[in-house]
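Shown here: work_37.csv, CSV, C-alpha atoms.
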chain,number,residue,atom,x,y,z
E,1,PRO,CA,15.5,200.9,120.8
E,2,ASP,CA,12.9,198.1,120.2
E,3,ARG,CA,11.6,198.5,123.7
E,4,LEU,CA,12.4,202.0,125.0
E,5,ASN,CA,11.4,205.5,123.9
E,6,ARG,CA,14.3,207.6,122.8
E,7,ASP,CA,13.4,210.6,125.0
E,8,TRP,CA,13.1,208.4,128.1
E,9,PHE,CA,16.5,206.7,127.3
E,10,HIS,CA,18.1,210.2,127.3
E,11,ARG,CA,16.6,211.1,130.7
E,12,TYR,CA,17.5,207.7,132.2
E,13,MET,CA,21.2,207.8,131.0
E,14,LEU,CA,21.7,211.2,132.6
E,15,ASN,CA,20.3,210.2,136.0
E,16,PRO,CA,19.6,206.4,136.4
E,17,ALA,CA,19.0,206.6,140.2
E,18,GLN,CA,16.1,208.9,139.6
E,19,PHE,CA,14.2,206.1,137.8
E,20,ARG,CA,15.7,203.2,139.7
E,21,PRO,CA,16.7,204.1,143.3
E,22,GLY,CA,19.5,202.0,144.5
E,23,THR,CA,20.7,200.9,141.1
E,24,ARG,CA,24.4,200.2,140.7
E,25,MET,CA,24.6,201.9,137.4
E,26,PRO,CA,26.8,204.9,137.7
E,27,GLN,CA,25.9,208.5,136.7
E,28,MET,CA,28.2,208.9,133.7
E,29,TRP,CA,27.2,212.6,133.1
E,30,PRO,CA,27.1,214.1,136.6
E,31,GLN,CA,25.2,217.4,136.7
E,32,GLY,CA,24.8,217.2,133.0
E,33,ARG,CA,28.5,217.4,132.3
E,34,SER,CA,30.7,215.1,130.2
E,35,PHE,CA,33.9,213.5,131.3
E,36,PHE,CA,35.0,213.1,127.7
E,37,LYS,CA,35.4,216.6,126.3
E,38,GLU,CA,37.2,215.3,123.2
E,39,GLU,CA,34.2,213.2,122.1
E,40,LEU,CA,31.6,215.0,120.0
E,41,ASP,CA,32.9,218.3,121.4
E,42,GLY,CA,31.8,217.3,124.9
E,43,ASP,CA,28.1,217.7,123.9
E,44,VAL,CA,26.2,215.5,126.4
E,45,TYR,CA,23.1,215.1,124.3
E,46,ARG,CA,25.1,214.0,121.2
E,47,GLN,CA,27.1,211.6,123.3
E,48,VAL,CA,24.0,209.9,124.8
E,49,ASP,CA,22.4,209.9,121.3
E,50,ALA,CA,25.5,208.2,119.9
E,51,ILE,CA,24.9,205.3,122.4
E,52,TRP,CA,21.3,205.2,121.2
E,53,THR,CA,22.5,205.0,117.6
E,54,TYR,CA,24.9,202.2,118.4
E,55,LEU,CA,22.2,200.2,120.2
E,56,SER,CA,19.9,200.7,117.2
E,57,ASP,CA,22.1,198.3,115.2
E,58,GLY,CA,21.0,195.5,117.7
E,59,ARG,CA,22.9,192.3,117.2
E,60,LYS,CA,24.5,193.7,114.1
E,61,ALA,CA,26.5,196.2,116.1
E,62,VAL,CA,30.2,195.8,116.0
E,63,TYR,CA,31.7,195.1,119.4
E,64,PRO,CA,33.3,198.3,120.7
E,65,SER,CA,37.1,198.4,120.5
E,66,GLY,CA,38.9,198.4,123.9
E,67,LEU,CA,36.4,196.0,125.5
E,68,ASN,CA,37.7,192.5,126.4
E,69,ARG,CA,35.6,189.5,125.2
E,70,GLN,CA,38.2,187.1,126.4
E,71,SER,CA,36.8,184.0,128.2
E,72,LEU,CA,37.7,183.6,131.8
E,73,GLU,CA,37.1,179.9,132.2
E,74,LEU,CA,37.5,178.2,135.6
E,75,ILE,CA,39.5,175.0,135.2
E,76,VAL,CA,39.1,172.2,137.8
E,77,GLY,CA,42.3,170.3,138.6
E,78,GLY,CA,43.0,168.0,141.5
E,79,GLU,CA,40.6,169.5,143.9
E,80,ALA,CA,37.1,170.9,143.9
E,81,VAL,CA,36.5,174.6,142.8
E,82,VAL,CA,33.7,176.5,144.5
E,83,TYR,CA,32.2,179.6,142.9
E,84,ARG,CA,29.5,181.8,144.4
E,85,ASN,CA,27.5,184.4,142.5
E,86,LYS,CA,24.4,184.8,140.4
E,87,ILE,CA,23.8,181.5,138.6
E,88,ARG,CA,21.2,181.1,135.9
E,89,ALA,CA,19.7,177.9,137.4
E,90,ALA,CA,20.4,178.7,141.1
E,91,GLY,CA,19.4,182.4,141.4
E,92,PHE,CA,21.2,185.2,143.2
E,93,ARG,CA,22.5,182.9,146.0
E,94,GLY,CA,23.9,180.3,143.7
E,95,ILE,CA,26.9,178.2,144.7
E,96,CYS,CA,28.7,176.2,141.9
E,97,VAL,CA,31.1,173.3,142.6
E,98,GLY,CA,33.3,171.7,140.0
E,99,TYR,CA,34.8,168.3,140.9
E,100,PRO,CA,38.0,166.7,139.6
E,101,GLU,CA,35.9,163.8,138.2
E,102,GLN,CA,34.4,166.3,135.6
E,103,VAL,CA,31.0,166.5,137.2
E,104,ASN,CA,29.6,169.8,138.4
E,105,LEU,CA,26.7,171.2,140.3
E,106,ALA,CA,24.8,174.4,141.1
E,107,PHE,CA,23.3,174.7,144.6
E,108,ASP,CA,20.6,177.2,145.4
E,109,ALA,CA,21.3,178.6,148.9
E,110,GLU,CA,17.9,180.4,148.9
E,111,LYS,CA,15.7,177.2,148.7
E,112,MET,CA,18.4,174.7,149.9
E,113,ARG,CA,18.1,172.7,146.8
E,114,LEU,CA,20.3,171.1,144.2
E,115,ALA,CA,19.5,173.3,141.2
E,116,GLN,CA,21.6,171.8,138.3
E,117,ILE,CA,24.2,169.2,137.4
E,118,TRP,CA,26.4,168.8,134.3
E,119,GLN,CA,29.5,167.0,133.0
E,120,GLY,CA,32.7,168.3,131.4
E,121,ARG,CA,33.8,171.9,131.4
E,122,TYR,CA,32.9,174.0,134.4
E,123,LEU,CA,32.2,177.8,134.1
E,124,ASN,CA,33.1,180.9,132.1
E,125,VAL,CA,32.9,183.7,134.7
E,126,SER,CA,33.8,186.6,132.4
E,127,PRO,CA,30.3,188.1,132.5
E,128,HIS,CA,30.8,188.6,136.3
E,129,TRP,CA,34.4,189.7,136.3
E,130,ASN,CA,34.5,191.9,133.2
E,131,VAL,CA,31.1,193.6,133.2
E,132,GLN,CA,30.7,194.7,136.9
E,133,GLY,CA,29.1,191.4,137.9
E,134,MET,CA,26.1,191.7,135.7
E,135,GLY,CA,24.1,188.8,134.4
E,136,ARG,CA,23.7,185.2,135.4
E,137,ILE,CA,26.1,182.5,134.1
E,138,GLY,CA,25.4,178.9,133.2
E,139,PRO,CA,27.4,175.7,132.7
E,140,LEU,CA,30.0,175.3,129.9
E,141,GLY,CA,29.7,171.6,129.8
E,142,ARG,CA,26.8,169.7,128.3
E,143,PRO,CA,24.3,168.3,128.7
E,144,SER,CA,22.9,169.8,131.9
E,145,ILE,CA,20.0,168.6,134.0
E,146,ASP,CA,17.8,171.1,135.9
E,147,PHE,CA,16.2,170.1,139.2
E,148,PRO,CA,12.8,171.3,140.6
E,149,ASN,CA,12.7,174.9,141.5
E,150,GLU,CA,11.1,174.1,144.9
E,151,VAL,CA,12.3,173.7,148.5
E,152,SER,CA,14.0,170.4,149.2
E,153,PHE,CA,12.3,169.6,152.5
E,154,ALA,CA,8.7,169.9,153.6
E,155,ARG,CA,6.2,168.5,156.1
E,156,LEU,CA,3.4,166.6,154.4
E,157,THR,CA,0.4,164.7,155.8
E,158,ASP,CA,1.1,161.9,153.2
E,159,ALA,CA,2.8,161.1,149.9
E,160,SER,CA,-0.2,162.4,147.9
E,161,ALA,CA,-0.2,165.8,149.5
E,162,PRO,CA,0.8,168.7,147.1
E,163,TRP,CA,4.4,169.9,147.5
E,164,PRO,CA,4.5,173.5,148.9
E,165,ARG,CA,5.4,176.2,146.5
E,166,THR,CA,7.5,179.3,147.5
E,167,ASP,CA,8.5,182.3,145.4
E,168,GLY,CA,11.5,183.1,147.5
E,169,ARG,CA,13.1,182.2,150.8
E,170,SER,CA,11.1,179.9,153.0
E,171,ALA,CA,10.7,180.7,156.7
E,172,ASP,CA,11.3,177.0,157.5
E,173,LEU,CA,14.7,177.0,155.9
E,174,ARG,CA,17.9,178.7,157.0
E,175,PHE,CA,21.3,178.5,155.3
E,176,ARG,CA,24.3,177.9,157.7
E,177,GLY,CA,27.1,178.2,155.2
E,178,TYR,CA,29.4,175.3,154.2
E,179,GLU,CA,32.6,173.5,155.3
E,180,LEU,CA,35.4,172.4,153.0
E,181,ASP,CA,37.2,169.1,153.4
E,182,LYS,CA,40.8,168.5,152.4
E,183,LYS,CA,39.9,168.3,148.7
E,184,ARG,CA,37.9,171.5,149.1
E,185,ARG,CA,34.6,169.7,148.6
E,186,PRO,CA,31.9,171.6,150.4
E,187,THR,CA,29.4,170.2,152.9
E,188,PHE,CA,26.3,172.5,152.7
E,189,LEU,CA,24.9,173.2,156.1
E,190,TYR,CA,21.3,174.4,156.6
E,191,GLN,CA,18.3,174.0,158.8
E,192,PHE,CA,14.7,172.9,158.2
E,193,GLN,CA,12.6,174.0,161.1
E,194,ASP,CA,14.3,172.2,164.1
E,195,ILE,CA,16.3,169.8,161.9
E,196,GLU,CA,20.0,170.4,161.2
E,197,ILE,CA,21.1,169.1,157.8
E,198,ALA,CA,24.5,168.4,156.3
E,199,ASP,CA,24.5,168.0,152.5
E,200,PHE,CA,27.6,166.6,151.0
E,201,PHE,CA,28.4,165.9,147.3
E,202,THR,CA,31.4,164.2,145.8
E,203,GLY,CA,32.3,163.0,142.3
E,204,LYS,CA,32.8,159.3,141.7
E,205,GLU,CA,33.9,157.2,138.7
E,206,THR,CA,32.2,153.8,138.3
E,207,GLU,CA,33.1,151.6,135.4
E,208,GLY,CA,34.3,154.6,133.4
E,209,VAL,CA,31.1,156.6,134.1
E,210,ALA,CA,31.3,159.8,136.2
E,211,ILE,CA,28.5,160.0,138.8
E,212,LEU,CA,27.6,162.5,141.5
E,213,GLN,CA,27.2,161.0,144.9
E,214,ARG,CA,25.1,162.9,147.5
E,215,LYS,CA,25.0,162.2,151.3
E,216,ILE,CA,22.3,164.0,153.4
E,217,THR,CA,22.6,163.8,157.1
E,218,LEU,CA,19.8,164.9,159.4
E,219,LYS,CA,20.1,165.7,163.1
E,220,ALA,CA,17.1,166.4,165.3
E,221,LYS,CA,15.9,166.0,168.8
E,222,GLY,CA,13.5,163.1,169.0
E,223,GLN,CA,11.9,161.5,165.9
E,224,PRO,CA,10.8,164.1,163.3
E,225,ALA,CA,7.3,163.4,161.9
E,226,ASN,CA,6.0,163.8,158.3
E,227,VAL,CA,9.3,165.2,156.9
E,228,TRP,CA,9.7,164.6,153.2
E,229,PHE,CA,12.5,165.2,150.8
E,230,LEU,CA,12.0,166.1,147.1
E,231,ALA,CA,14.5,164.1,145.1
E,232,TRP,CA,13.0,164.8,141.6
E,233,GLN,CA,10.1,166.3,139.8
E,234,GLY,CA,9.6,166.5,136.1
E,235,ASP,CA,7.5,165.8,133.0
E,236,ALA,CA,9.3,162.6,132.1
E,237,ASP,CA,7.8,159.3,133.3
E,238,ILE,CA,9.7,157.8,136.2
E,239,LYS,CA,10.6,154.2,135.9
E,240,GLN,CA,11.5,152.3,139.1
E,241,LYS,CA,13.5,149.1,139.5
E,242,ALA,CA,14.2,148.4,143.1
E,243,ASN,CA,15.9,151.4,144.6
E,244,THR,CA,16.9,152.9,141.2
E,245,PHE,CA,14.7,155.5,139.3
E,246,GLN,CA,15.1,156.4,135.7
E,247,CYS,CA,13.9,160.1,135.3
E,248,GLY,CA,14.4,160.9,131.7
E,249,ARG,CA,18.1,161.4,131.2
E,250,LEU,CA,18.7,161.2,134.9
E,251,LEU,CA,19.3,158.0,136.8
E,252,ILE,CA,18.8,158.2,140.6
E,253,ARG,CA,19.8,155.5,143.0
E,254,LEU,CA,18.6,155.9,146.6
E,255,THR,CA,20.0,154.3,149.7
E,256,ASN,CA,19.0,154.8,153.4
E,257,LYS,CA,21.5,154.5,156.2
E,258,SER,CA,20.7,155.3,159.8

Can you present the structure in this file as structure tokens?
Amino acid sequence: PDRLNRDWFHRYMLNPAQFRPGTRMPQMWPQGRSFFKEELDGDVYRQVDAIWTYLSDGRKAVYPSGLNRQSLELIVGGEAVVYRNKIRAAGFRGICVGYPEQVNLAFDAEKMRLAQIWQGRYLNVSPHWNVQGMGRIGPLGRPSIDFPNEVSFARLTDASAPWPRTDGRSADLRFRGYELDKKRRPTFLYQFQDIEIADFFTGKETEGVAILQRKITLKAKGQPANVWFLAWQGDADIKQKANTFQCGRLLIRLTNKS
């Protein structure tokens, strides 16, 4: 009601597909007829207007009886748990993985990037399972760290060249799915131009601290030239000590093995 006109709302509710072709919203009053004859004498206009009146209360509206607000939390036990759906930090092709070490990640299969990591509790998927898959969910555990919303690999002339920006899927990247090991930990498989990439994460515990270990394997014919990987980008100053980088709350340690 703060954003829509009342007369438009009535027309939209009667025929959503007329205004948004391809929408998944069902037509609840087909041909202007009500399924619920006992409600408001089956009067279609009054039924739609009752919804408008309910929405007019905004956040003060009492949750309708009969709808389930129960949390559907995914619990991670002795093996990894993979969940694919719309994820707040990873977009419509998000893939979340919860590890037994209580470290979790969200991977963006659109840009082939690590989108988010967090510790502790994994996911509450009730917005997807109870409300027709609507909305994007986020982590239950805290704190979370968001990674750059950019493609992970690019060809640059040198380190000072600007990183390419893409609004959607890059023509240079192609997702090839993922493979699960015996502990159901996925290895993400994708391709950057003519380079095949295997991207594997695992949870580790070192001196009582849970960390996320990432192994990226590249396979190509010949020696690829000018290929760069974006490990981090952010507003916080980056402090380097040998092969370790302090990026705000995030600590990154890089190793290179042929």

Expected answer as a list in words: all residues with atoms within 10 Å of (18.3, 171.2, 146.8), all atoms listed in the file
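The answer, in the requested form, is Ala90, Ala106, Phe107, Asp108, Ala109, Glu110, Lys111, Met112, Arg113, Leu114, Ala115, Gln116, Phe147, Pro148, Asn149, Glu150, Val151, Ser152, Phe153, Asp199, Phe229, Leu230, Ala231 and Trp232 of chain E.
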
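With atom CA of E:Ile252 on one side and atom CA of E:Asn104 on the other, the separation reads 16.0 Å.
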
Among the residues E:Leu180, E:Val62, E:Leu40, E:Met13, the one that comes closest to E:Val81 [using only C-alpha atoms]:
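Selected residue with least distance to E:Val81: E:Leu180.
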
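Residues of protein, DNA or RNA having at least one counted atom within 9 Å of (33.0, 179.2, 144.0), given all atoms listed in the file, are Val81, Val82, Tyr83, Arg84, Asn85, Ile95, Cys96, Val97 and Gly98 of chain E.
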
Using Å and a single decimal, report how far atom CA of E:Phe188 sits from atom CA of E:Arg155.
20.8 Å

Residue neighbourhood E:Phe200, 7 Å, all atoms listed in the file, exclusion window fewer than 4 positions, as a count of residues only:
6

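Reported to one decimal place, the separation of atom CA of E:Trp118 from atom CA of E:Pro143 is 6.0 Å.
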
Please provide as a ChimeraX atom specification all residues within 8 Å of E:Pro30, with the sequence filter that same-chain residues fewer than 4 positions apart are discarded (counting all atoms listed in the file).
/E:14-15,34

Go through E:Ala89, E:Leu74, E:Thr255, E:Phe201 one by one, measure the shortest atom-to-atom distance of each to E:Tyr122 using all atoms listed in the file, and give the residue with the smallest value.
E:Leu74

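The residue that comes closest to E:Gly120, out of E:Gly141, E:Gly94, E:Pro16, E:Pro162 and on the basis of only C-alpha atoms, is E:Gly141.
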